[in-house]
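Novice: Input protein_21.tsv, format and content: TSV, C-alpha atoms and all ligand atoms.
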chain	number	residue	atom	x	y	z
A	1	MET	CA	106.01	81.32	98.75
A	2	GLU	CA	105.51	77.55	98.80
A	3	PHE	CA	104.54	77.66	102.49
A	4	LEU	CA	101.70	80.14	101.92
A	5	SER	CA	98.10	78.96	102.12
A	6	GLN	CA	95.86	79.17	99.07
A	7	ARG	CA	93.85	81.70	101.05
A	8	ALA	CA	96.84	83.99	101.45
A	9	ARG	CA	97.75	83.64	97.78
A	10	ALA	CA	94.24	84.48	96.66
A	11	ILE	CA	94.23	87.87	98.39
A	12	GLN	CA	95.28	90.65	96.07
A	13	ALA	CA	97.97	93.13	96.97
A	14	SER	CA	96.41	96.57	97.24
A	15	ILE	CA	96.73	98.44	93.96
A	16	THR	CA	96.57	101.70	95.84
A	17	LEU	CA	99.50	100.88	98.07
A	18	SER	CA	102.27	101.92	95.68
A	19	ILE	CA	100.56	105.27	94.96
A	20	THR	CA	100.07	106.05	98.66
A	21	ALA	CA	103.67	105.06	99.39
A	22	LYS	CA	104.93	107.27	96.56
A	23	ALA	CA	102.77	110.21	97.71
A	24	LYS	CA	104.20	109.87	101.24
A	25	ALA	CA	107.77	109.75	99.94
A	26	MET	CA	107.20	112.85	97.78
A	27	LYS	CA	105.68	114.75	100.73
A	28	ALA	CA	108.66	113.73	102.86
A	29	GLN	CA	110.93	115.30	100.20
A	30	GLY	CA	109.01	118.54	100.66
A	31	LEU	CA	107.15	118.38	97.34
A	32	PRO	CA	103.76	120.19	97.37
A	33	VAL	CA	101.58	117.08	97.05
A	34	LEU	CA	97.83	117.70	97.26
A	35	ASP	CA	96.37	114.68	98.99
A	36	PHE	CA	92.93	113.64	97.76
A	37	SER	CA	93.37	110.01	98.71
A	38	VAL	CA	92.42	110.24	102.37
A	39	GLY	CA	89.66	107.93	103.65
A	40	GLU	CA	89.17	109.36	107.12
A	41	PRO	CA	87.96	112.64	108.69
A	42	ASP	CA	90.66	115.29	109.08
A	43	PHE	CA	89.30	116.24	112.50
A	44	HIS	CA	90.80	115.01	115.73
A	45	THR	CA	88.69	112.81	117.96
A	46	PRO	CA	86.59	115.24	120.06
A	47	GLU	CA	88.21	116.09	123.42
A	48	PRO	CA	85.36	114.75	125.62
A	49	ILE	CA	85.71	111.32	123.97
A	50	LYS	CA	89.44	111.35	124.61
A	51	GLY	CA	88.65	112.31	128.22
A	52	ALA	CA	86.33	109.32	128.63
A	53	ALA	CA	89.12	107.02	127.41
A	54	ILE	CA	91.68	108.60	129.74
A	55	ASN	CA	89.27	108.11	132.64
A	56	ALA	CA	88.86	104.46	131.66
A	57	ILE	CA	92.63	103.97	131.81
A	58	ARG	CA	92.92	105.83	135.16
A	59	GLU	CA	90.09	103.77	136.64
A	60	GLY	CA	91.85	100.57	135.62
A	61	PHE	CA	89.35	99.56	132.94
A	62	THR	CA	92.18	97.75	131.19
A	63	LYS	CA	91.23	94.07	131.40
A	64	TYR	CA	89.64	91.75	128.85
A	65	THR	CA	85.92	92.33	128.47
A	66	ALA	CA	83.11	89.99	127.44
A	67	ALA	CA	83.81	88.77	123.88
A	68	GLY	CA	80.85	90.57	122.32
A	69	GLY	CA	81.33	93.89	124.13
A	70	ILE	CA	80.56	95.53	127.48
A	71	PRO	CA	76.86	95.68	128.45
A	72	GLU	CA	76.80	99.48	128.75
A	73	LEU	CA	78.09	99.87	125.17
A	74	LYS	CA	75.56	97.38	123.84
A	75	GLU	CA	72.86	99.33	125.67
A	76	ALA	CA	74.10	102.60	124.16
A	77	ILE	CA	74.06	101.07	120.66
A	78	ALA	CA	70.55	99.67	121.17
A	79	ARG	CA	69.38	103.06	122.48
A	80	LYS	CA	70.86	104.87	119.45
A	81	TYR	CA	69.01	102.59	117.01
A	82	GLU	CA	65.73	102.89	118.85
A	83	LYS	CA	66.01	106.68	119.12
A	84	GLU	CA	67.28	107.41	115.60
A	85	LEU	CA	65.64	104.74	113.44
A	86	GLY	CA	62.97	103.18	115.65
A	87	LEU	CA	64.72	99.81	115.38
A	88	ILE	CA	64.82	97.51	118.41
A	89	PHE	CA	67.88	95.36	119.12
A	90	SER	CA	68.61	93.28	122.23
A	91	PRO	CA	72.16	92.62	123.55
A	92	PRO	CA	72.50	89.15	121.90
A	93	GLN	CA	71.88	90.88	118.56
A	94	ILE	CA	74.90	93.18	118.98
A	95	LEU	CA	78.60	92.41	118.48
A	96	VAL	CA	81.27	95.02	119.24
A	97	SER	CA	84.45	94.50	117.20
A	98	ASN	CA	87.78	96.15	116.40
A	99	GLY	CA	86.28	98.43	113.74
A	100	GLY	CA	83.47	98.10	111.23
A	101	LYS	CA	85.75	96.11	108.94
A	102	HIS	CA	86.41	93.57	111.66
A	103	ALA	CA	82.69	93.35	112.46
A	104	LEU	CA	82.02	92.64	108.76
A	105	HIS	CA	84.80	90.05	108.67
A	106	ASN	CA	83.34	88.22	111.69
A	107	VAL	CA	79.88	88.22	110.11
A	108	LEU	CA	81.20	86.90	106.78
A	109	GLN	CA	83.16	84.20	108.62
A	110	ALA	CA	79.98	83.15	110.42
A	111	LEU	CA	77.89	83.23	107.25
A	112	LEU	CA	79.84	81.79	104.34
A	113	ASP	CA	80.70	78.28	103.20
A	114	PRO	CA	82.88	77.60	100.15
A	115	GLY	CA	81.00	78.54	96.99
A	116	ASP	CA	78.43	80.75	98.72
A	117	GLU	CA	77.85	83.92	96.76
A	118	VAL	CA	77.76	87.50	97.97
A	119	VAL	CA	76.38	90.09	95.55
A	120	ILE	CA	78.44	93.28	95.61
A	121	PRO	CA	77.17	96.32	93.70
A	122	SER	CA	80.00	98.00	91.79
A	123	PRO	CA	81.68	100.49	92.19
A	124	TYR	CA	82.34	98.98	95.63
A	125	TRP	CA	84.48	99.68	98.66
A	126	LEU	CA	87.73	98.04	97.64
A	127	SER	CA	87.90	95.60	100.58
A	128	TYR	CA	84.58	93.83	99.94
A	129	PRO	CA	85.58	91.30	97.26
A	130	ASP	CA	88.72	90.21	99.08
A	131	MET	CA	86.91	90.03	102.42
A	132	VAL	CA	84.30	87.73	100.85
A	133	SER	CA	87.01	85.57	99.24
A	134	LEU	CA	88.95	85.40	102.51
A	135	SER	CA	85.86	83.91	104.15
A	136	GLY	CA	85.56	81.28	101.40
A	137	GLY	CA	82.73	82.99	99.54
A	138	ARG	CA	82.46	84.06	95.92
A	139	PRO	CA	82.04	87.76	95.21
A	140	VAL	CA	79.46	88.37	92.46
A	141	ILE	CA	79.85	91.85	91.04
A	142	LEU	CA	76.66	93.69	90.12
A	143	ASN	CA	77.52	96.68	87.95
A	144	THR	CA	75.70	99.97	88.41
A	145	ARG	CA	75.88	102.97	86.08
A	146	MET	CA	76.59	106.63	86.58
A	147	GLU	CA	73.38	107.38	84.60
A	148	ASP	CA	71.42	105.54	87.32
A	149	GLY	CA	73.18	107.47	90.07
A	150	TYR	CA	75.23	104.34	90.78
A	151	LYS	CA	72.14	102.63	92.22
A	152	ILE	CA	71.21	99.00	91.70
A	153	GLU	CA	69.02	98.28	88.71
A	154	ILE	CA	66.23	96.11	90.12
A	155	ASP	CA	66.00	93.59	87.25
A	156	ALA	CA	69.76	93.14	87.30
A	157	LEU	CA	69.54	92.44	91.05
A	158	ARG	CA	66.80	89.89	90.45
A	159	ARG	CA	69.04	88.13	87.91
A	160	ALA	CA	72.06	88.19	90.24
A	161	LEU	CA	70.29	86.40	93.10
A	162	ASN	CA	70.13	82.61	92.98
A	163	SER	CA	70.04	79.63	95.34
A	164	LYS	CA	73.76	80.10	96.15
A	165	THR	CA	73.38	83.75	97.15
A	166	LYS	CA	73.98	84.17	100.87
A	167	ALA	CA	73.98	87.96	100.98
A	168	LEU	CA	73.68	91.26	99.20
A	169	LEU	CA	76.12	93.92	100.39
A	170	LEU	CA	74.58	97.38	100.52
A	171	ASN	CA	76.64	100.49	101.27
A	172	SER	CA	74.69	103.73	101.52
A	173	PRO	CA	76.10	106.39	101.61
A	174	SER	CA	78.60	104.70	99.34
A	175	ASN	CA	82.34	104.67	99.24
A	176	PRO	CA	83.40	105.51	96.52
A	177	THR	CA	80.36	106.99	94.67
A	178	GLY	CA	78.56	108.90	97.44
A	179	ALA	CA	75.25	107.34	96.30
A	180	VAL	CA	72.55	107.42	98.99
A	181	TYR	CA	69.50	105.17	98.62
A	182	THR	CA	66.05	106.63	99.25
A	183	ALA	CA	63.27	104.85	101.14
A	184	ASP	CA	61.50	103.94	97.87
A	185	GLU	CA	64.67	102.56	96.30
A	186	LEU	CA	65.32	100.43	99.39
A	187	LYS	CA	61.72	99.19	99.32
A	188	ALA	CA	62.27	98.01	95.74
A	189	VAL	CA	65.52	96.27	96.74
A	190	ALA	CA	63.77	94.68	99.75
A	191	SER	CA	60.96	93.28	97.61
A	192	VAL	CA	63.48	91.44	95.41
A	193	VAL	CA	65.53	90.22	98.39
A	194	GLU	CA	62.35	89.00	100.08
A	195	SER	CA	61.66	86.62	97.24
A	196	SER	CA	65.11	85.05	97.67
A	197	LYS	CA	66.86	83.49	100.67
A	198	ALA	CA	69.60	86.11	100.79
A	199	LEU	CA	70.51	88.29	103.74
A	200	VAL	CA	71.25	91.98	103.37
A	201	ILE	CA	74.47	93.26	104.90
A	202	SER	CA	74.02	96.99	105.23
A	203	ASP	CA	77.30	98.84	105.71
A	204	ASP	CA	76.21	102.12	107.27
A	205	VAL	CA	79.55	103.57	108.35
A	206	TYR	CA	78.86	106.86	106.49
A	207	GLU	CA	75.27	107.20	107.77
A	208	LYS	CA	75.90	110.59	109.39
A	209	PHE	CA	77.30	112.20	106.26
A	210	VAL	CA	74.33	112.89	104.00
A	211	TYR	CA	74.02	116.23	102.17
A	212	ASP	CA	71.49	118.54	100.49
A	213	GLY	CA	68.98	118.03	103.31
A	214	GLY	CA	68.67	114.32	102.55
A	215	THR	CA	68.16	111.67	105.20
A	216	PHE	CA	69.81	108.36	105.83
A	217	VAL	CA	67.50	105.36	105.56
A	218	ASN	CA	68.28	101.79	106.58
A	219	ILE	CA	66.52	99.02	104.67
A	220	LEU	CA	65.01	97.67	107.94
A	221	SER	CA	63.06	100.88	108.43
A	222	VAL	CA	61.20	100.35	105.16
A	223	ALA	CA	61.11	96.54	105.22
A	224	PRO	CA	60.67	95.44	108.86
A	225	GLN	CA	59.61	92.02	107.56
A	226	LEU	CA	63.32	91.43	106.81
A	227	CYS	CA	64.24	91.70	110.52
A	228	ASN	CA	65.75	88.20	110.56
A	229	ARG	CA	67.66	88.82	107.33
A	230	VAL	CA	69.44	92.14	107.80
A	231	VAL	CA	72.86	92.70	109.34
A	232	ILE	CA	73.96	96.28	109.98
A	233	ILE	CA	77.65	97.24	110.13
A	234	ASN	CA	78.59	100.51	111.80
A	235	SER	CA	81.64	102.15	113.28
A	236	ALA	CA	83.08	105.05	115.24
A	237	SER	CA	85.82	105.64	112.66
A	238	LYS	CA	84.06	108.14	110.39
A	239	THR	CA	81.21	109.37	112.61
A	240	TYR	CA	83.36	110.42	115.57
A	241	ALA	CA	86.73	110.79	113.80
A	242	MET	CA	88.06	107.70	115.58
A	243	PRO	CA	89.61	105.48	112.87
A	244	GLY	CA	92.69	104.63	114.91
A	245	TRP	CA	90.67	103.53	117.93
A	246	ARG	CA	89.52	100.46	116.01
A	247	ILE	CA	85.99	100.21	117.29
A	248	GLY	CA	82.84	99.27	115.38
A	249	TYR	CA	79.90	96.89	115.61
A	250	ALA	CA	77.43	94.60	113.91
A	251	LEU	CA	73.71	94.21	114.62
A	252	GLY	CA	71.60	91.36	113.32
A	253	PRO	CA	69.79	88.08	113.97
A	254	ALA	CA	70.85	86.67	117.36
A	255	SER	CA	71.94	83.27	115.96
A	256	LEU	CA	74.31	84.86	113.44
A	257	ILE	CA	75.64	87.43	115.90
A	258	THR	CA	76.24	84.73	118.53
A	259	ALA	CA	78.24	82.71	116.00
A	260	ALA	CA	80.20	85.80	114.91
A	261	THR	CA	80.90	86.54	118.60
A	262	ARG	CA	82.30	83.01	119.08
A	263	ILE	CA	84.58	83.56	116.10
A	264	GLN	CA	85.76	86.90	117.45
A	265	GLY	CA	86.28	85.30	120.89
A	266	GLN	CA	88.81	82.88	119.39
A	267	ALA	CA	90.47	85.48	117.17
A	268	THR	CA	90.87	88.66	119.25
A	269	SER	CA	88.99	87.86	122.51
A	270	CYS	CA	87.23	91.23	122.46
A	271	ALA	CA	87.50	94.79	121.19
A	272	GLY	CA	89.83	97.10	123.17
A	273	SER	CA	88.32	97.91	126.58
A	274	ILE	CA	89.35	101.58	126.42
A	275	SER	CA	87.89	102.09	122.96
A	276	GLN	CA	84.66	100.46	124.13
A	277	LYS	CA	84.38	103.02	126.94
A	278	ALA	CA	85.17	105.84	124.50
A	279	LEU	CA	82.45	104.75	122.07
A	280	THR	CA	79.94	104.37	124.91
A	281	PHE	CA	80.61	108.00	125.81
A	282	ALA	CA	80.46	109.13	122.17
A	283	LEU	CA	77.05	107.52	121.67
A	284	HIS	CA	75.66	109.56	124.56
A	285	MET	CA	76.97	112.88	123.22
A	286	GLU	CA	74.67	115.53	121.81
A	287	PRO	CA	74.65	115.47	117.98
A	288	GLU	CA	76.26	118.95	117.48
A	289	THR	CA	79.84	117.76	116.96
A	290	VAL	CA	78.95	115.21	114.31
A	291	GLU	CA	76.68	117.77	112.64
A	292	PHE	CA	79.61	120.20	112.56
A	293	PHE	CA	81.70	117.53	110.78
A	294	ARG	CA	78.85	116.94	108.34
A	295	GLN	CA	78.50	120.61	107.48
A	296	SER	CA	82.23	120.95	106.99
A	297	PHE	CA	82.29	117.97	104.60
A	298	GLU	CA	79.25	119.29	102.73
A	299	ALA	CA	80.93	122.70	102.22
A	300	ARG	CA	84.03	120.98	100.86
A	301	ARG	CA	81.93	118.67	98.68
A	302	ASN	CA	80.32	121.78	97.18
A	303	LEU	CA	83.68	123.46	96.65
A	304	MET	CA	85.19	120.49	94.85
A	305	MET	CA	82.03	119.67	92.91
A	306	ASN	CA	81.57	123.25	91.69
A	307	GLY	CA	85.22	123.38	90.68
A	308	LEU	CA	85.29	120.11	88.79
A	309	GLU	CA	81.96	120.54	87.02
A	310	GLY	CA	82.54	121.84	83.56
A	311	ILE	CA	86.15	120.70	83.28
A	312	ARG	CA	86.55	119.06	79.91
A	313	GLY	CA	87.15	115.31	80.15
A	314	ILE	CA	85.71	114.88	83.66
A	315	SER	CA	82.17	113.73	84.43
A	316	ILE	CA	80.81	113.19	87.91
A	317	HIS	CA	77.59	112.10	89.52
A	318	ARG	CA	77.05	114.51	92.43
A	319	PRO	CA	77.75	112.57	95.64
A	320	ALA	CA	74.81	112.82	98.06
A	321	GLY	CA	76.80	111.44	100.99
A	322	ALA	CA	80.10	110.05	102.37
A	323	PHE	CA	83.19	112.10	101.55
A	324	TYR	CA	84.31	111.06	98.11
A	325	LEU	CA	83.80	112.20	94.57
A	326	PHE	CA	84.00	109.47	91.92
A	327	ALA	CA	84.87	110.98	88.57
A	328	ASP	CA	84.83	109.40	85.12
A	329	VAL	CA	88.10	110.62	83.60
A	330	SER	CA	88.18	108.21	80.65
A	331	ALA	CA	88.34	111.13	78.20
A	332	LEU	CA	91.37	112.57	80.01
A	333	ILE	CA	93.00	109.15	80.15
A	334	ALA	CA	92.44	108.69	76.41
A	335	ALA	CA	93.93	112.12	75.71
A	336	THR	CA	97.07	111.52	77.79
A	337	HIS	CA	99.91	110.00	75.82
A	338	GLY	CA	101.13	106.61	77.04
A	339	ILE	CA	98.45	106.24	79.75
A	340	ALA	CA	96.31	103.10	79.71
A	341	GLY	CA	94.01	103.09	82.73
A	342	SER	CA	93.20	104.62	86.11
A	343	VAL	CA	96.32	103.26	87.86
A	344	ASP	CA	98.64	104.78	85.23
A	345	PHE	CA	96.60	107.98	85.27
A	346	CYS	CA	96.85	108.34	89.06
A	347	THR	CA	100.61	107.71	88.87
A	348	HIS	CA	100.80	110.41	86.19
A	349	LEU	CA	98.71	112.83	88.31
A	350	LEU	CA	101.03	112.23	91.23
A	351	GLU	CA	104.35	112.42	89.41
A	352	ARG	CA	103.54	115.28	87.03
A	353	HIS	CA	100.87	117.26	88.85
A	354	HIS	CA	101.60	116.35	92.49
A	355	MET	CA	98.06	115.18	93.21
A	356	ALA	CA	97.30	111.95	95.06
A	357	CYS	CA	94.02	110.25	94.05
A	358	VAL	CA	92.86	106.63	94.19
A	359	PRO	CA	92.48	104.72	90.90
A	360	GLY	CA	88.93	103.60	90.10
A	361	LYS	CA	90.27	100.15	89.23
A	362	ALA	CA	90.49	99.48	92.98
A	363	PHE	CA	86.71	100.07	93.19
A	364	GLY	CA	85.82	98.08	90.08
A	365	ASP	CA	85.78	100.87	87.46
A	366	ASP	CA	88.97	101.57	85.55
A	367	ARG	CA	87.48	104.65	83.81
A	368	CYS	CA	87.26	106.56	87.07
A	369	ILE	CA	89.35	107.98	89.88
A	370	ARG	CA	88.28	108.78	93.45
A	371	PHE	CA	88.90	112.16	95.03
A	372	SER	CA	88.41	112.51	98.77
A	373	PHE	CA	87.09	115.96	99.62
A	374	VAL	CA	88.40	115.64	103.17
A	375	ALA	CA	91.17	118.07	102.25
A	376	ASP	CA	92.18	121.62	103.00
A	377	GLU	CA	89.99	124.12	101.09
A	378	ASN	CA	93.03	125.78	99.50
A	379	ASP	CA	94.30	122.39	98.37
A	380	ILE	CA	90.88	121.70	96.82
A	381	ARG	CA	91.02	125.03	94.92
A	382	GLU	CA	94.58	124.37	93.78
A	383	GLY	CA	93.74	120.79	92.75
A	384	VAL	CA	90.78	122.00	90.70
A	385	ASN	CA	93.06	124.56	88.96
A	386	ARG	CA	95.59	121.88	88.07
A	387	LEU	CA	92.84	119.65	86.66
A	388	ARG	CA	91.35	122.53	84.68
A	389	LEU	CA	94.72	123.10	83.05
A	390	LEU	CA	94.96	119.40	82.30
A	391	GLY	CA	91.46	119.42	80.80
A	392	SER	CA	92.25	122.38	78.55
A	393	ASN	CA	95.42	120.82	77.09
B	401	LIG	N1	82.97	100.30	105.18
B	401	LIG	C1	83.32	101.26	104.31
B	401	LIG	C2	82.44	101.52	103.14
B	401	LIG	C3	84.49	102.00	104.50
B	401	LIG	O1	84.83	102.96	103.62
B	401	LIG	C4	85.31	101.71	105.62
B	401	LIG	C5	86.58	102.42	105.82
B	401	LIG	O2	87.11	103.09	104.97
B	401	LIG	C6	84.88	100.70	106.49
B	401	LIG	C7	83.71	100.00	106.25
B	401	LIG	C8	85.67	100.27	107.69
B	401	LIG	O3	85.87	101.20	108.65
B	401	LIG	P1	86.43	100.82	110.08
B	401	LIG	O4	86.97	99.43	110.06
B	401	LIG	O5	87.51	101.82	110.36
B	401	LIG	O6	85.29	100.93	111.02
Turn this file's structure into structure tokens for me.
Ligand code: PLP

Specialist:
Amino acid sequence: MEFLSQRARAIQASITLSITAKAKAMKAQGLPVLDFSVGEPDFHTPEPIKGAAINAIREGFTKYTAAGGIPELKEAIARKYEKELGLIFSPPQILVSNGGKHALHNVLQALLDPGDEVVIPSPYWLSYPDMVSLSGGRPVILNTRMEDGYKIEIDALRRALNSKTKALLLNSPSNPTGAVYTADELKAVASVVESSKALVISDDVYEKFVYDGGTFVNILSVAPQLCNRVVIINSASKTYAMPGWRIGYALGPASLITAATRIQGQATSCAGSISQKALTFALHMEPETVEFFRQSFEARRNLMMNGLEGIRGISIHRPAGAFYLFADVSALIAATHGIAGSVDFCTHLLERHHMACVPGKAFGDDRCIRFSFVADENDIREGVNRLRLLGSN
């Protein structure tokens, strides 16, 4: 251990790792484990996208590319933003990376000096605080409440921003809560941000998965005056069922994106050439396939939500997007002998009830657990039955 850097020591081991490992081992033994811990679509990457990648390999598109991405992909990304959101980006404002997470890492590396603060609304995607720390910044957690739909309370945001704040991290639709910000809510956030020096990092990787007829809004659409202060993170992982292809991107002010591109150039040279071709193709596809995914997730959200509603000891704010359901199970935890928090409770659910869920502690709320509704419909029904029994004990 003595040879490890302080940076390496400061990064926490994933608290979900042991539960996922145990769930895998139990499945391997043939136990009927219902897996509600999955963070990726259960669809395969659409065949035409695979075909585009195979063509790229056959045509010998297998060399290094420009550090920030191939021009045709940058053009396709710019075209998507203009067409879908009316936002204009030029190639120097676009960085293609090995996944949305890598794009975010490059941006944080380019942005943060020691002591700089990044405000992270909680519950948060579990990687954010460690990613900020890894880049030398200080994560500042801004709690939100289920009663407020897990949205930022504007006065609390105002209090959280100070001269050290470099950025506010927004994630709508949210992992883990499924909260989706409306245009008016984003306007209110923008007006507070405007009076500070902070940037907004908008993690939009779930943008295509919004339910109940709602629409996805990016803060730039309602606050164009922030055009030099917003960074967008996006990815192919969720939208096109391509998590293993490791391809995502960042859009933002040219000076920041150029710096993040330099950092990427020295770290990984570029994103994979074949994945870049595949994403270029995907961005030109008609929207039907992604809409089919969305409808499938919405149907499963409804199934799980309807099942869990009314179970004693479980309370949930209906997720309006993404593919997770974040449930307050504090009453069940309190009623279970020898169980002290969400990690223990998830271990108990796995060992006794053969259900794999992610403890809320990983997302900043130890009263809750996260269910992914990217699961087989029969598994969802069976999981709901097991929880109903648990709630009635
Ligand atoms: N942002 C959020 C909120 C996520 O949930 C994830 C993945 O789970 C990512 C970013 C990163 O996705 P990727 O690196 O696969 O593009």

Novice: Please report, as a Markdown table, each residue of chain A lying at most 8 Å from ligand LIG 401 (chain B), together with the nearest pair of atoms and the separation in Å rounded to one decimal; use all atoms listed in the file, and order rows by chain and ascending residue number.

Specialist:
| residue | atom | partner | partner_atom | distance |
| --- | --- | --- | --- | --- |
| A:Gly39 | CA | B:LIG401 | O2 | 5.6 |
| A:Glu40 | CA | B:LIG401 | O2 | 6.9 |
| A:Asn98 | CA | B:LIG401 | O4 | 7.2 |
| A:Gly99 | CA | B:LIG401 | O6 | 3.8 |
| A:Gly100 | CA | B:LIG401 | O6 | 3.4 |
| A:Lys101 | CA | B:LIG401 | O4 | 3.7 |
| A:His102 | CA | B:LIG401 | O4 | 6.1 |
| A:Ala103 | CA | B:LIG401 | O4 | 7.8 |
| A:Leu104 | CA | B:LIG401 | C7 | 8.0 |
| A:Tyr124 | CA | B:LIG401 | C2 | 7.9 |
| A:Trp125 | CA | B:LIG401 | C2 | 5.3 |
| A:Asn171 | CA | B:LIG401 | C2 | 6.2 |
| A:Ser174 | CA | B:LIG401 | C2 | 6.3 |
| A:Asn175 | CA | B:LIG401 | C2 | 5.0 |
| A:Pro176 | CA | B:LIG401 | O1 | 7.7 |
| A:Asp203 | CA | B:LIG401 | N1 | 5.9 |
| A:Asp204 | CA | B:LIG401 | N1 | 7.3 |
| A:Val205 | CA | B:LIG401 | N1 | 5.7 |
| A:Tyr206 | CA | B:LIG401 | C2 | 7.2 |
| A:Ile233 | CA | B:LIG401 | C7 | 7.7 |
| A:Asn234 | CA | B:LIG401 | O6 | 6.8 |
| A:Ser235 | CA | B:LIG401 | O6 | 4.5 |
| A:Ala236 | CA | B:LIG401 | O6 | 6.3 |
| A:Ser237 | CA | B:LIG401 | O5 | 4.8 |
| A:Lys238 | CA | B:LIG401 | O5 | 7.2 |
| A:Met242 | CA | B:LIG401 | O5 | 7.9 |
| A:Pro243 | CA | B:LIG401 | O5 | 4.9 |
| A:Gly244 | CA | B:LIG401 | O5 | 7.4 |
| A:Arg246 | CA | B:LIG401 | O5 | 6.1 |
| A:Ile247 | CA | B:LIG401 | O6 | 6.3 |
| A:Gly248 | CA | B:LIG401 | O6 | 5.3 |

Novice: At a cut-off of 7 Å, using only C-alpha atoms, what residues contact Ile314 of chain A? Leave out same-chain residues fewer than 4 positions from it and give the result as a ChimeraX atom specification.

Specialist: /A:327-329

Novice: Do a neighbour search on Phe209 of chain A at 10 Å with only C-alpha atoms, toss out local chain neighbours closer than 4 positions, and write the hits as a VMD selection string.

Specialist: chain A and resid 173 178 180 205 214 to 216 238 to 239 290 to 291 293 to 295 297 to 298 320 to 323

Novice: Kindly indicate which residue among A:Ser5, A:Ala160, A:Pro123, A:Gly60 lies nearest to Met146 of chain A, using all atoms listed in the file for the distances.

Specialist: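 Among A:Ser5, A:Ala160, A:Pro123, A:Gly60, it is A:Pro123 that comes nearest to Met146 of chain A.
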
Novice: Which residues come within 12 Å of Ile333 of chain A, counting only C-alpha atoms, excluding same-chain residues fewer than 2 positions away, as a short mmCIF file (atom, residue, chain, number, x, y, z; two decimals) with C-alpha atoms, keeping the file's coordinate frame?

Specialist:
data_model
loop_
_atom_site.label_atom_id
_atom_site.label_comp_id
_atom_site.auth_asym_id
_atom_site.auth_seq_id
_atom_site.Cartn_x
_atom_site.Cartn_y
_atom_site.Cartn_z
CA ARG A 312 86.55 119.06 79.91
CA GLY A 313 87.15 115.31 80.15
CA ILE A 314 85.71 114.88 83.66
CA ALA A 327 84.87 110.98 88.57
CA ASP A 328 84.83 109.40 85.12
CA VAL A 329 88.10 110.62 83.60
CA SER A 330 88.18 108.21 80.65
CA ALA A 331 88.34 111.13 78.20
CA ALA A 335 93.93 112.12 75.71
CA THR A 336 97.07 111.52 77.79
CA HIS A 337 99.91 110.00 75.82
CA GLY A 338 101.13 106.61 77.04
CA ILE A 339 98.45 106.24 79.75
CA ALA A 340 96.31 103.10 79.71
CA GLY A 341 94.01 103.09 82.73
CA SER A 342 93.20 104.62 86.11
CA VAL A 343 96.32 103.26 87.86
CA ASP A 344 98.64 104.78 85.23
CA PHE A 345 96.60 107.98 85.27
CA CYS A 346 96.85 108.34 89.06
CA THR A 347 100.61 107.71 88.87
CA HIS A 348 100.80 110.41 86.19
CA LEU A 349 98.71 112.83 88.31
CA PRO A 359 92.48 104.72 90.90
CA ASP A 366 88.97 101.57 85.55
CA ARG A 367 87.48 104.65 83.81
CA CYS A 368 87.26 106.56 87.07
CA ILE A 369 89.35 107.98 89.88
CA LEU A 390 94.96 119.40 82.30
CA GLY A 391 91.46 119.42 80.80
#

Novice: Rounded to one decimal, what separation in Å do you get between atom CA of Ser392 of chain A and atom CA of Arg145 of chain A?

Specialist: 26.5 Å

Novice: Report, in Å with one decimal, the straight-line distance from atom CA of Gly307 of chain A to atom CA of Met355 of chain A.

Specialist: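 These atoms are spaced 15.4 Å apart.
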
Novice: Go ahead and compute the interatomic distance for atom CA of Ser315 of chain A and atom CA of Ala299 of chain A, in Å to one decimal.

Specialist: 20.0 Å

Novice: Using all atoms listed in the file, find the one residue out of A:Leu112, A:Val38, A:Ala259, A:Ala241 that sits nearest to Leu279 of chain A.

Specialist: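 Closest to Leu279 of chain A, using all atoms listed in the file: A:Ala241.
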
Novice: So, counting only C-alpha atoms, which residue among A:Ile19, A:Val33, A:Leu256, A:Ala52 is closest to Ile380 of chain A?

Specialist: A:Val33

Novice: List as a PyMOL selection string the protein and nucleic acid residues near segment 22-27 of chain A, meaning an atom at most 10 Å away when only C-alpha atoms are counted, but skip any in the same chain fewer than 2 places from it.

Specialist: chain A and resi 17-20+29-35+37+347+350-351+354-357

Novice: As JSON, numbers by chain, please: the residues near Leu220 of chain A (cut-off 10 Å, all atoms listed in the file, same-chain neighbours under 6 positions excluded).

Specialist: {"A": [85, 86, 87, 186, 187, 190, 200, 202, 226, 227, 228, 229, 230, 231, 232]}

Novice: Calculated over all atoms listed in the file, which of the candidates A:Gly137, A:Gly364, A:Pro129, A:Gly310 has the smallest distance to Phe326 of chain A?

Specialist: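 Nearest candidate to Phe326 of chain A out of A:Gly137, A:Gly364, A:Pro129, A:Gly310: A:Gly364.
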
Novice: Rank A:Ala53, A:Ala271, A:Ile11, A:Val119 by their smallest atom-to-atom distance to Lys164 of chain A, using all atoms listed in the file, and report the top residue only.

Specialist: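 Among the listed residues, A:Val119 lies closest to Lys164 of chain A.
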
Novice: List every protein, DNA or RNA residue that has an atom no more than 10 Å from (76.7, 89.2, 119.6) in the file's coordinate frame, counting all atoms listed in the file, and report them as JSON, numbers by chain.

Specialist: {"A": [67, 68, 69, 74, 90, 91, 92, 93, 94, 95, 96, 97, 249, 250, 251, 252, 253, 254, 255, 256, 257, 258, 259, 260, 261, 262, 264]}
